[in-house]
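K.L.:
This is final.csv (CSV, C-alpha atoms).
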chain,number,residue,atom,x,y,z
A,281,MET,CA,35.0,-20.9,22.5
A,282,GLU,CA,33.9,-23.3,25.2
A,283,LYS,CA,35.9,-26.5,25.5
A,284,SER,CA,34.2,-29.5,23.8
A,285,LYS,CA,33.9,-32.7,25.7
A,286,VAL,CA,35.8,-35.7,24.3
A,287,TYR,CA,34.9,-39.0,26.0
A,288,PHE,CA,37.7,-41.6,26.2
A,289,THR,CA,38.3,-45.2,27.2
A,290,ARG,CA,41.4,-47.3,26.8
A,291,GLU,CA,39.3,-50.4,26.4
A,292,ILE,CA,38.5,-51.4,22.8
A,293,THR,CA,35.7,-53.9,23.0
A,294,PRO,CA,32.1,-54.1,21.7
A,295,GLU,CA,30.9,-53.3,25.2
A,296,SER,CA,33.1,-50.2,25.5
A,297,LEU,CA,31.8,-48.9,22.1
A,298,VAL,CA,28.2,-49.0,23.4
A,299,LYS,CA,29.3,-47.5,26.7
A,300,ILE,CA,31.1,-44.5,25.1
A,301,TYR,CA,28.1,-43.9,22.8
A,302,LYS,CA,25.8,-43.8,25.8
A,303,ALA,CA,28.2,-41.4,27.6
A,304,LEU,CA,27.6,-38.8,24.8
A,305,GLY,CA,24.1,-38.4,26.1
A,306,VAL,CA,22.6,-37.8,22.7
A,307,GLU,CA,20.2,-40.2,21.0
A,308,LEU,CA,20.5,-40.5,17.2
A,309,LYS,CA,16.9,-40.6,16.0
A,310,GLY,CA,15.0,-42.0,13.0
A,311,LYS,CA,16.9,-43.9,10.3
A,312,VAL,CA,20.5,-44.1,11.4
A,313,GLY,CA,23.4,-44.3,9.0
A,314,VAL,CA,26.7,-45.6,10.4
A,315,LYS,CA,29.5,-44.2,8.3
A,316,ILE,CA,32.6,-46.5,8.4
A,317,SER,CA,35.2,-47.6,5.9
A,318,THR,CA,34.6,-51.2,5.0
A,319,GLY,CA,38.2,-51.5,3.9
A,320,GLU,CA,40.0,-52.3,0.7
A,321,PRO,CA,40.4,-56.0,0.2
A,322,GLY,CA,43.9,-57.1,1.2
A,323,GLY,CA,44.0,-54.8,4.2
A,324,HIS,CA,42.8,-55.9,7.6
A,325,ASN,CA,42.9,-52.8,9.9
A,326,TYR,CA,39.3,-51.6,9.2
A,327,LEU,CA,36.8,-51.8,12.1
A,328,HIS,CA,35.5,-55.4,12.0
A,329,PRO,CA,31.9,-56.3,12.3
A,330,GLU,CA,32.7,-58.3,15.5
A,331,LEU,CA,33.9,-55.1,17.2
A,332,ILE,CA,31.2,-52.7,16.0
A,333,GLY,CA,28.2,-55.1,15.8
A,334,GLU,CA,26.7,-54.5,19.2
A,335,LEU,CA,26.7,-50.7,18.8
A,336,VAL,CA,25.4,-50.7,15.2
A,337,ASN,CA,22.6,-53.2,16.0
A,338,SER,CA,21.6,-51.2,19.1
A,339,LEU,CA,20.9,-48.3,16.8
A,340,SER,CA,19.2,-50.4,14.1
A,341,GLY,CA,21.9,-48.8,12.0
A,342,THR,CA,22.7,-49.2,8.3
A,343,ILE,CA,26.4,-49.3,7.2
A,344,ILE,CA,26.8,-46.5,4.7
A,345,GLU,CA,29.6,-46.2,2.2
A,346,CYS,CA,30.4,-44.7,-1.3
A,347,CYS,CA,32.6,-46.0,-4.1
A,348,THR,CA,36.2,-44.9,-4.4
A,349,ALA,CA,37.9,-42.6,-6.9
A,350,TYR,CA,41.0,-44.8,-7.3
A,351,ASN,CA,41.3,-48.1,-9.2
A,352,GLY,CA,40.6,-50.8,-6.6
A,353,ARG,CA,38.0,-53.3,-5.7
A,354,ARG,CA,35.6,-50.6,-4.4
A,355,ALA,CA,35.6,-48.3,-7.4
A,356,GLU,CA,32.3,-49.5,-8.8
A,357,PRO,CA,29.2,-51.0,-7.0
A,358,GLY,CA,29.5,-54.6,-8.2
A,359,GLU,CA,33.0,-55.3,-6.9
A,360,HIS,CA,32.4,-53.0,-3.9
A,361,TRP,CA,29.4,-55.2,-2.8
A,362,LYS,CA,31.6,-58.2,-3.0
A,363,ALA,CA,34.3,-56.6,-0.9
A,364,ILE,CA,31.7,-55.5,1.7
A,365,ALA,CA,30.5,-59.1,1.8
A,366,GLU,CA,34.0,-60.6,2.1
A,367,HIS,CA,34.7,-58.4,5.1
A,368,GLY,CA,31.6,-59.7,6.8
A,369,PHE,CA,29.4,-56.6,6.8
A,370,THR,CA,26.5,-57.8,4.7
A,371,ALA,CA,26.0,-60.8,6.9
A,372,ALA,CA,25.8,-58.7,10.0
A,373,PHE,CA,24.0,-55.5,9.0
A,374,PRO,CA,22.0,-53.7,6.4
A,375,CYS,CA,24.5,-51.9,4.1
A,376,ASP,CA,24.1,-49.1,1.5
A,377,ILE,CA,26.5,-48.0,-1.2
A,378,MET,CA,25.0,-44.5,-1.3
A,379,ASP,CA,26.1,-43.5,-4.8
A,380,GLU,CA,24.9,-46.7,-6.4
A,381,SER,CA,21.6,-44.9,-7.2
A,382,GLY,CA,23.2,-41.6,-8.2
A,383,GLU,CA,24.6,-38.5,-6.7
A,384,MET,CA,23.4,-35.2,-5.2
A,385,GLU,CA,25.1,-31.9,-4.6
A,386,LEU,CA,25.3,-30.1,-1.2
A,387,PRO,CA,26.2,-26.4,-1.2
A,388,VAL,CA,29.3,-25.1,0.5
A,389,GLU,CA,28.6,-21.7,2.0
A,390,ASN,CA,31.7,-19.5,2.4
A,391,GLY,CA,34.2,-22.3,2.1
A,392,PHE,CA,37.9,-22.1,1.2
A,393,HIS,CA,37.9,-23.6,-2.3
A,394,LEU,CA,34.7,-25.6,-3.0
A,395,ASP,CA,31.2,-24.3,-3.9
A,396,LYS,CA,29.7,-27.7,-3.5
A,397,ASP,CA,30.2,-31.2,-2.2
A,398,ILE,CA,29.0,-34.2,-4.3
A,399,VAL,CA,27.7,-37.1,-2.2
A,400,GLY,CA,25.9,-40.4,-2.7
A,401,ALA,CA,22.2,-39.7,-3.4
A,402,ASP,CA,21.1,-42.2,-0.7
A,403,PHE,CA,22.6,-39.9,2.0
A,404,ALA,CA,19.2,-38.2,1.9
A,405,LYS,CA,17.6,-41.3,3.3
A,406,TYR,CA,19.2,-41.0,6.8
A,407,ASP,CA,17.8,-38.9,9.6
A,408,SER,CA,21.0,-39.1,11.6
A,409,VAL,CA,24.5,-40.3,11.2
A,410,LEU,CA,27.1,-42.0,13.5
A,411,VAL,CA,30.5,-41.3,12.0
A,412,LEU,CA,32.4,-44.3,13.3
A,413,SER,CA,36.0,-43.9,12.2
A,414,HIS,CA,39.2,-46.0,12.4
A,415,PHE,CA,41.8,-43.4,13.4
A,416,LYS,CA,45.1,-44.0,11.6
A,417,GLY,CA,47.5,-42.4,9.1
A,418,HIS,CA,46.8,-41.6,5.5
A,419,ALA,CA,49.1,-41.4,2.5
A,420,MET,CA,47.6,-38.2,1.1
A,421,GLY,CA,45.9,-36.5,4.1
A,422,GLY,CA,48.3,-37.5,6.8
A,423,MET,CA,45.7,-38.9,9.1
A,424,GLY,CA,42.2,-40.3,8.8
A,425,GLY,CA,39.6,-39.7,11.5
A,426,ALA,CA,36.1,-38.1,11.7
A,427,LEU,CA,36.8,-35.2,9.3
A,428,LYS,CA,38.1,-37.4,6.6
A,429,ASN,CA,35.3,-39.9,7.1
A,430,ILE,CA,32.6,-37.2,6.5
A,431,SER,CA,34.4,-35.5,3.6
A,432,ILE,CA,36.1,-38.0,1.4
A,433,GLY,CA,34.1,-40.9,2.9
A,434,ILE,CA,30.6,-39.6,2.1
A,435,ALA,CA,31.5,-38.2,-1.3
A,436,SER,CA,30.9,-40.0,-4.5
A,437,PRO,CA,33.8,-40.8,-6.8
A,438,ALA,CA,33.2,-37.4,-8.5
A,439,GLY,CA,32.9,-35.7,-5.2
A,440,LYS,CA,36.1,-37.4,-3.9
A,441,THR,CA,37.9,-36.1,-7.0
A,442,TYR,CA,36.5,-32.6,-6.5
A,443,ILE,CA,37.8,-32.5,-3.0
A,444,HIS,CA,41.2,-34.0,-3.8
A,445,THR,CA,41.7,-31.4,-6.7
A,446,ALA,CA,40.3,-28.5,-4.6
A,447,GLY,CA,37.5,-28.0,-7.1
A,448,ALA,CA,39.5,-28.4,-10.3
A,449,SER,CA,37.9,-31.7,-11.6
A,450,THR,CA,35.1,-34.2,-11.0
A,451,VAL,CA,36.7,-36.8,-13.3
A,452,PRO,CA,38.4,-39.6,-11.2
A,453,ALA,CA,40.8,-40.4,-14.0
A,454,GLU,CA,42.2,-36.8,-13.6
A,455,LEU,CA,42.6,-37.0,-9.9
A,456,PHE,CA,46.3,-37.6,-9.7
A,457,ASP,CA,47.1,-35.2,-12.6
A,458,ARG,CA,45.4,-32.2,-11.0
A,459,LEU,CA,46.5,-32.3,-7.4
A,460,PRO,CA,46.6,-28.8,-5.8
A,461,ALA,CA,48.9,-27.4,-3.1
A,462,GLN,CA,48.6,-29.7,0.0
A,463,ASP,CA,46.9,-27.2,2.2
A,464,HIS,CA,44.3,-26.5,-0.4
A,465,PHE,CA,43.4,-30.2,-0.5
A,466,LEU,CA,43.1,-30.3,3.3
A,467,GLU,CA,41.0,-27.1,3.3
A,468,SER,CA,38.8,-28.7,0.7
A,469,MET,CA,38.1,-31.6,3.0
A,470,ALA,CA,37.0,-29.1,5.6
A,471,ASP,CA,34.7,-27.4,3.0
A,472,ALA,CA,33.1,-30.8,2.3
A,473,CYS,CA,32.6,-31.4,6.0
A,474,LYS,CA,30.8,-28.1,6.3
A,475,ALA,CA,28.5,-29.1,3.5
A,476,VAL,CA,27.6,-32.5,5.1
A,477,ILE,CA,27.1,-31.1,8.6
A,478,SER,CA,25.0,-28.2,7.4
A,479,TYR,CA,22.8,-30.5,5.4
A,480,LYS,CA,22.3,-33.1,8.1
A,481,ARG,CA,22.4,-30.6,11.0
A,482,PRO,CA,25.0,-30.8,13.9
A,483,GLU,CA,22.5,-32.2,16.4
A,484,ASN,CA,21.9,-35.3,14.1
A,485,MET,CA,25.6,-36.3,13.9
A,486,LEU,CA,27.9,-38.0,16.5
A,487,TYR,CA,31.6,-39.0,16.1
A,488,ILE,CA,33.5,-42.0,17.5
A,489,ASN,CA,37.2,-42.6,16.6
A,490,VAL,CA,38.7,-46.0,17.4
A,491,ALA,CA,42.4,-45.6,17.7
A,492,ASN,CA,43.6,-49.1,17.2
A,493,ARG,CA,45.8,-50.8,14.6
A,494,LEU,CA,47.6,-47.4,14.1
A,495,SER,CA,49.1,-47.9,10.7
A,496,VAL,CA,50.6,-45.0,8.8
A,497,ASP,CA,48.3,-46.1,6.0
A,498,CYS,CA,44.6,-45.8,5.5
A,499,ASP,CA,42.0,-48.6,5.3
A,500,CYS,CA,41.7,-47.7,1.6
A,501,ASP,CA,45.2,-49.2,1.1
A,502,SER,CA,45.2,-52.9,0.1
A,503,HIS,CA,48.7,-53.4,1.6
A,504,PRO,CA,49.0,-51.1,4.6
A,505,ALA,CA,52.1,-51.0,6.7
A,506,GLU,CA,52.0,-52.9,10.0
A,507,PRO,CA,51.4,-50.6,13.0
A,508,GLU,CA,54.5,-49.7,15.0
A,509,MET,CA,52.7,-48.2,18.0
A,510,ALA,CA,50.3,-49.7,20.5
A,511,ASP,CA,46.5,-49.1,20.5
A,512,LEU,CA,45.4,-45.9,22.3
A,513,GLY,CA,41.6,-46.4,22.9
A,514,ILE,CA,38.3,-45.0,21.8
A,515,PHE,CA,37.5,-41.3,21.6
A,516,ALA,CA,33.9,-39.9,21.2
A,517,SER,CA,32.4,-36.5,20.9
A,518,ALA,CA,29.5,-34.4,19.4
A,519,ASP,CA,32.4,-32.2,18.0
A,520,PRO,CA,34.3,-33.6,15.0
A,521,VAL,CA,37.1,-31.0,15.3
A,522,ALA,CA,37.7,-31.8,19.0
A,523,VAL,CA,37.7,-35.6,18.5
A,524,ASP,CA,40.3,-35.5,15.7
A,525,GLN,CA,42.4,-33.0,17.6
A,526,ALA,CA,42.3,-35.2,20.7
A,527,CYS,CA,43.4,-38.2,18.7
A,528,TYR,CA,46.3,-36.3,17.0
A,529,ASP,CA,47.4,-35.0,20.5
A,530,ALA,CA,47.2,-38.5,21.9
A,531,VAL,CA,49.6,-39.8,19.3
A,532,ILE,CA,52.0,-36.9,19.7
A,533,ASN,CA,52.0,-37.2,23.5
A,534,SER,CA,52.0,-41.0,23.7
A,535,PRO,CA,54.8,-42.6,25.7
A,536,ASN,CA,54.9,-45.4,23.1
A,537,PRO,CA,58.3,-45.4,21.3
A,538,GLY,CA,56.6,-46.8,18.2
A,539,LYS,CA,54.9,-43.5,17.5
A,540,ALA,CA,57.6,-41.9,15.4
A,541,ALA,CA,56.4,-43.3,12.0
A,542,LEU,CA,52.8,-42.2,12.5
A,543,ILE,CA,53.9,-38.7,13.7
A,544,GLU,CA,56.1,-38.4,10.6
A,545,ARG,CA,53.3,-39.4,8.4
A,546,MET,CA,50.9,-36.9,10.0
A,547,ASN,CA,53.3,-34.0,10.1
A,548,SER,CA,54.9,-34.5,6.7
A,549,ARG,CA,51.4,-34.1,5.2
A,550,HIS,CA,50.4,-31.2,7.5
A,551,ALA,CA,47.5,-33.3,8.7
A,552,ILE,CA,46.5,-31.0,11.5
A,553,HIS,CA,45.6,-28.3,9.0
A,554,THR,CA,42.3,-30.1,8.2
A,555,VAL,CA,41.4,-29.7,11.9
A,556,GLU,CA,42.6,-26.0,11.8
A,557,ALA,CA,40.5,-25.4,8.7
A,558,ALA,CA,37.4,-27.1,10.0
A,559,ALA,CA,37.7,-25.0,13.2
A,560,GLU,CA,38.0,-21.8,11.1
A,561,LEU,CA,34.8,-22.8,9.3
A,562,GLY,CA,33.0,-23.1,12.6
A,563,LEU,CA,32.6,-26.8,12.7
A,564,GLY,CA,33.9,-27.3,16.2
A,565,SER,CA,36.5,-26.3,18.7
A,566,ARG,CA,40.2,-27.4,19.0
A,567,GLU,CA,39.9,-26.8,22.7
A,568,TYR,CA,38.6,-29.9,24.5
A,569,GLU,CA,38.2,-31.6,27.8
A,570,ILE,CA,38.9,-35.3,28.1
A,571,VAL,CA,36.3,-37.2,30.1
A,572,SER,CA,37.5,-40.6,31.0
A,573,ILE,CA,34.8,-43.3,31.2
A,574,GLY,CA,37.3,-46.0,32.4
Write the structure described by the file as structure tokens, please.
P.N.:
Amino acid sequence: MEKSKVYFTREITPESLVKIYKALGVELKGKVGVKISTGEPGGHNYLHPELIGELVNSLSGTIIECCTAYNGRRAEPGEHWKAIAEHGFTAAFPCDIMDESGEMELPVENGFHLDKDIVGADFAKYDSVLVLSHFKGHAMGGMGGALKNISIGIASPAGKTYIHTAGASTVPAELFDRLPAQDHFLESMADACKAVISYKRPENMLYINVANRLSVDCDCDSHPAEPEMADLGIFASADPVAVDQACYDAVINSPNPGKAALIERMNSRHAIHTVEAAAELGLGSREYEIVSIG
């Protein structure tokens, strides 16, 4: 397979986000959803409105989210809206909790474990999607980047449970009682990615990973560990597999002595297997070329 282009800049600023989006050379058309994690209250590593504002507004974008499957401030729409407001998003952008109005099922064709993905019903409103991810570690998946953001992130609570249990349950209260083999969970994330990308079409999705505040913990954690390694930069691609592979490789190959904790978190959860599984499903290439934009 031909190498995918992954654009990269060490500079993490509002201006560099706009610059790297333009470098992709693809215009997201129609009503644009910008999928981010707005962050669990208590945490502070999420992508702040001050950083992403210029890019989101240049697209006339709407911040899109779904409720969580764990007990926290974002588990139901009422408290979730408060959390989004507390983090400054509603004052800056239109926002949409996509499962507030219900759910819809997307078929998974020839997946590893899932026959469907369950996402917020409002996902249907958007013609194109910018998947704007904070790359970091994750307690269960090992790492969170583009693939996690379009699988777990776009799924409703029932859908999140379905992915986490590799198709065994859609009941959030059962999630932690029905966890499958780790690789089956990671492969189920890839299945969900396939459903989302097939539904929205590859040409209508772009992926930007901001590798800053590199905690071993996700933005869904209300008390994340402080980062031990320095920021890396911003990675962008039309290929979600390549952009996550590039971020993983950048951590592994970083000269930063603080990388050990994040590497341990990623490798102890076999995080790269989500990338492997997504590539096997034809969602992108693990072979990439870094194109530096300064």
K.L.:
So that I can check the surroundings of stretch 404-420 of chain A, please list as a ChimeraX atom specification every protein, DNA and RNA residue that reaches within 6 Å of it, counting all atoms listed in the file and ignoring chain neighbours fewer than 5 positions away.
P.N.:
/A:308,310-316,425-426,484-491,494-498
K.L.:
Go ahead and save the picked residues with C-alpha atoms, as a short mmCIF file (atom, residue, chain, number, x, y, z; two decimals), in the frame of the given file.
P.N.:
data_model
loop_
_atom_site.label_atom_id
_atom_site.label_comp_id
_atom_site.auth_asym_id
_atom_site.auth_seq_id
_atom_site.Cartn_x
_atom_site.Cartn_y
_atom_site.Cartn_z
CA LEU A 308 20.50 -40.50 17.20
CA GLY A 310 15.00 -42.00 13.00
CA LYS A 311 16.90 -43.90 10.30
CA VAL A 312 20.50 -44.10 11.40
CA GLY A 313 23.40 -44.30 9.00
CA VAL A 314 26.70 -45.60 10.40
CA LYS A 315 29.50 -44.20 8.30
CA ILE A 316 32.60 -46.50 8.40
CA GLY A 425 39.60 -39.70 11.50
CA ALA A 426 36.10 -38.10 11.70
CA ASN A 484 21.90 -35.30 14.10
CA MET A 485 25.60 -36.30 13.90
CA LEU A 486 27.90 -38.00 16.50
CA TYR A 487 31.60 -39.00 16.10
CA ILE A 488 33.50 -42.00 17.50
CA ASN A 489 37.20 -42.60 16.60
CA VAL A 490 38.70 -46.00 17.40
CA ALA A 491 42.40 -45.60 17.70
CA LEU A 494 47.60 -47.40 14.10
CA SER A 495 49.10 -47.90 10.70
CA VAL A 496 50.60 -45.00 8.80
CA ASP A 497 48.30 -46.10 6.00
CA CYS A 498 44.60 -45.80 5.50
#
K.L.:
Within 8 Å of stretch 376-381 of chain A, counting all atoms listed in the file, which residues qualify if same-chain residues fewer than 2 places away don't, as a PyMOL selection string?
P.N.:
chain A and resi 342-347+357+361+374+383+399-403+436
K.L.:
With only C-alpha atoms as the atoms that count, which of A:Ala365, A:Ala557, A:Leu304, A:Ala448 lies nearest to A:Leu427?
P.N.:
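Answer, going by the shortest atom-to-atom distance: A:Ala557.
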K.L.:
With only C-alpha atoms as the atoms that count, which of A:Ser478, A:Ser517, A:Ser565, A:Ser572 lies nearest to A:Lys285?
P.N.:
A:Ser517
K.L.:
As an exercise, work out the distance from atom CA of A:Ala559 to atom CA of A:Val521 in Å and give it to one decimal place.
P.N.:
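Answer for the atom CA of A:Ala559 to atom CA of A:Val521 separation: 6.4 Å.
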K.L.:
Between atom CA of A:Gly433 and atom CA of A:Asn536, what is the distance in Å, rounded to a tenth?
P.N.:
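Here the two named atoms are 29.3 Å from each other.
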K.L.:
Compare A:Pro504, A:Gly538, A:Gly358, A:Gly574 by their minimum atom-to-atom distance to A:Gly323, counting all atoms listed in the file, and give me the closest one.
P.N.:
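That would be A:Pro504, the residue with the smallest distance to A:Gly323.
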K.L.:
Which one of A:Ala372, A:Leu512, A:Cys473, A:Ile434 sits closest to A:Asn337 if you count all atoms listed in the file?
P.N.:
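Among A:Ala372, A:Leu512, A:Cys473, A:Ile434, it is A:Ala372 that comes nearest to A:Asn337.
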K.L.:
May I ask for the distance between atom CA of A:Val298 and atom CA of A:Leu335, given in Å to one decimal place?
P.N.:
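Answer for the atom CA of A:Val298 to atom CA of A:Leu335 separation: 5.1 Å.
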K.L.:
Which of these, A:Pro329, A:Gly562, A:Gly439, A:Gly382, has the shortest distance to A:Glu366 once you count all atoms listed in the file?
P.N.:
A:Pro329
K.L.:
For a cut-off of 10 Å around (34.4, -51.1, 21.7), file coordinates, pick out all residues using all atoms listed in the file and list them as number ranges by chain.
P.N.:
A: 289-301, 327, 330-335, 490, 513-514
K.L.:
Give the answer as one residue: which of A:Ala505, A:Ile364, A:Ala470, A:Val388 has the shortest atom-to-atom distance to A:His553, using all atoms listed in the file?
P.N.:
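The shortest atom-to-atom distance to A:His553 comes from A:Ala470.
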K.L.:
Please return as a PyMOL selection string every residue within 8 Å of (47.3, -30.3, 4.4), taking into account only C-alpha atoms and the file's own coordinates.
P.N.:
chain A and resi 421-422+462-467+549-554
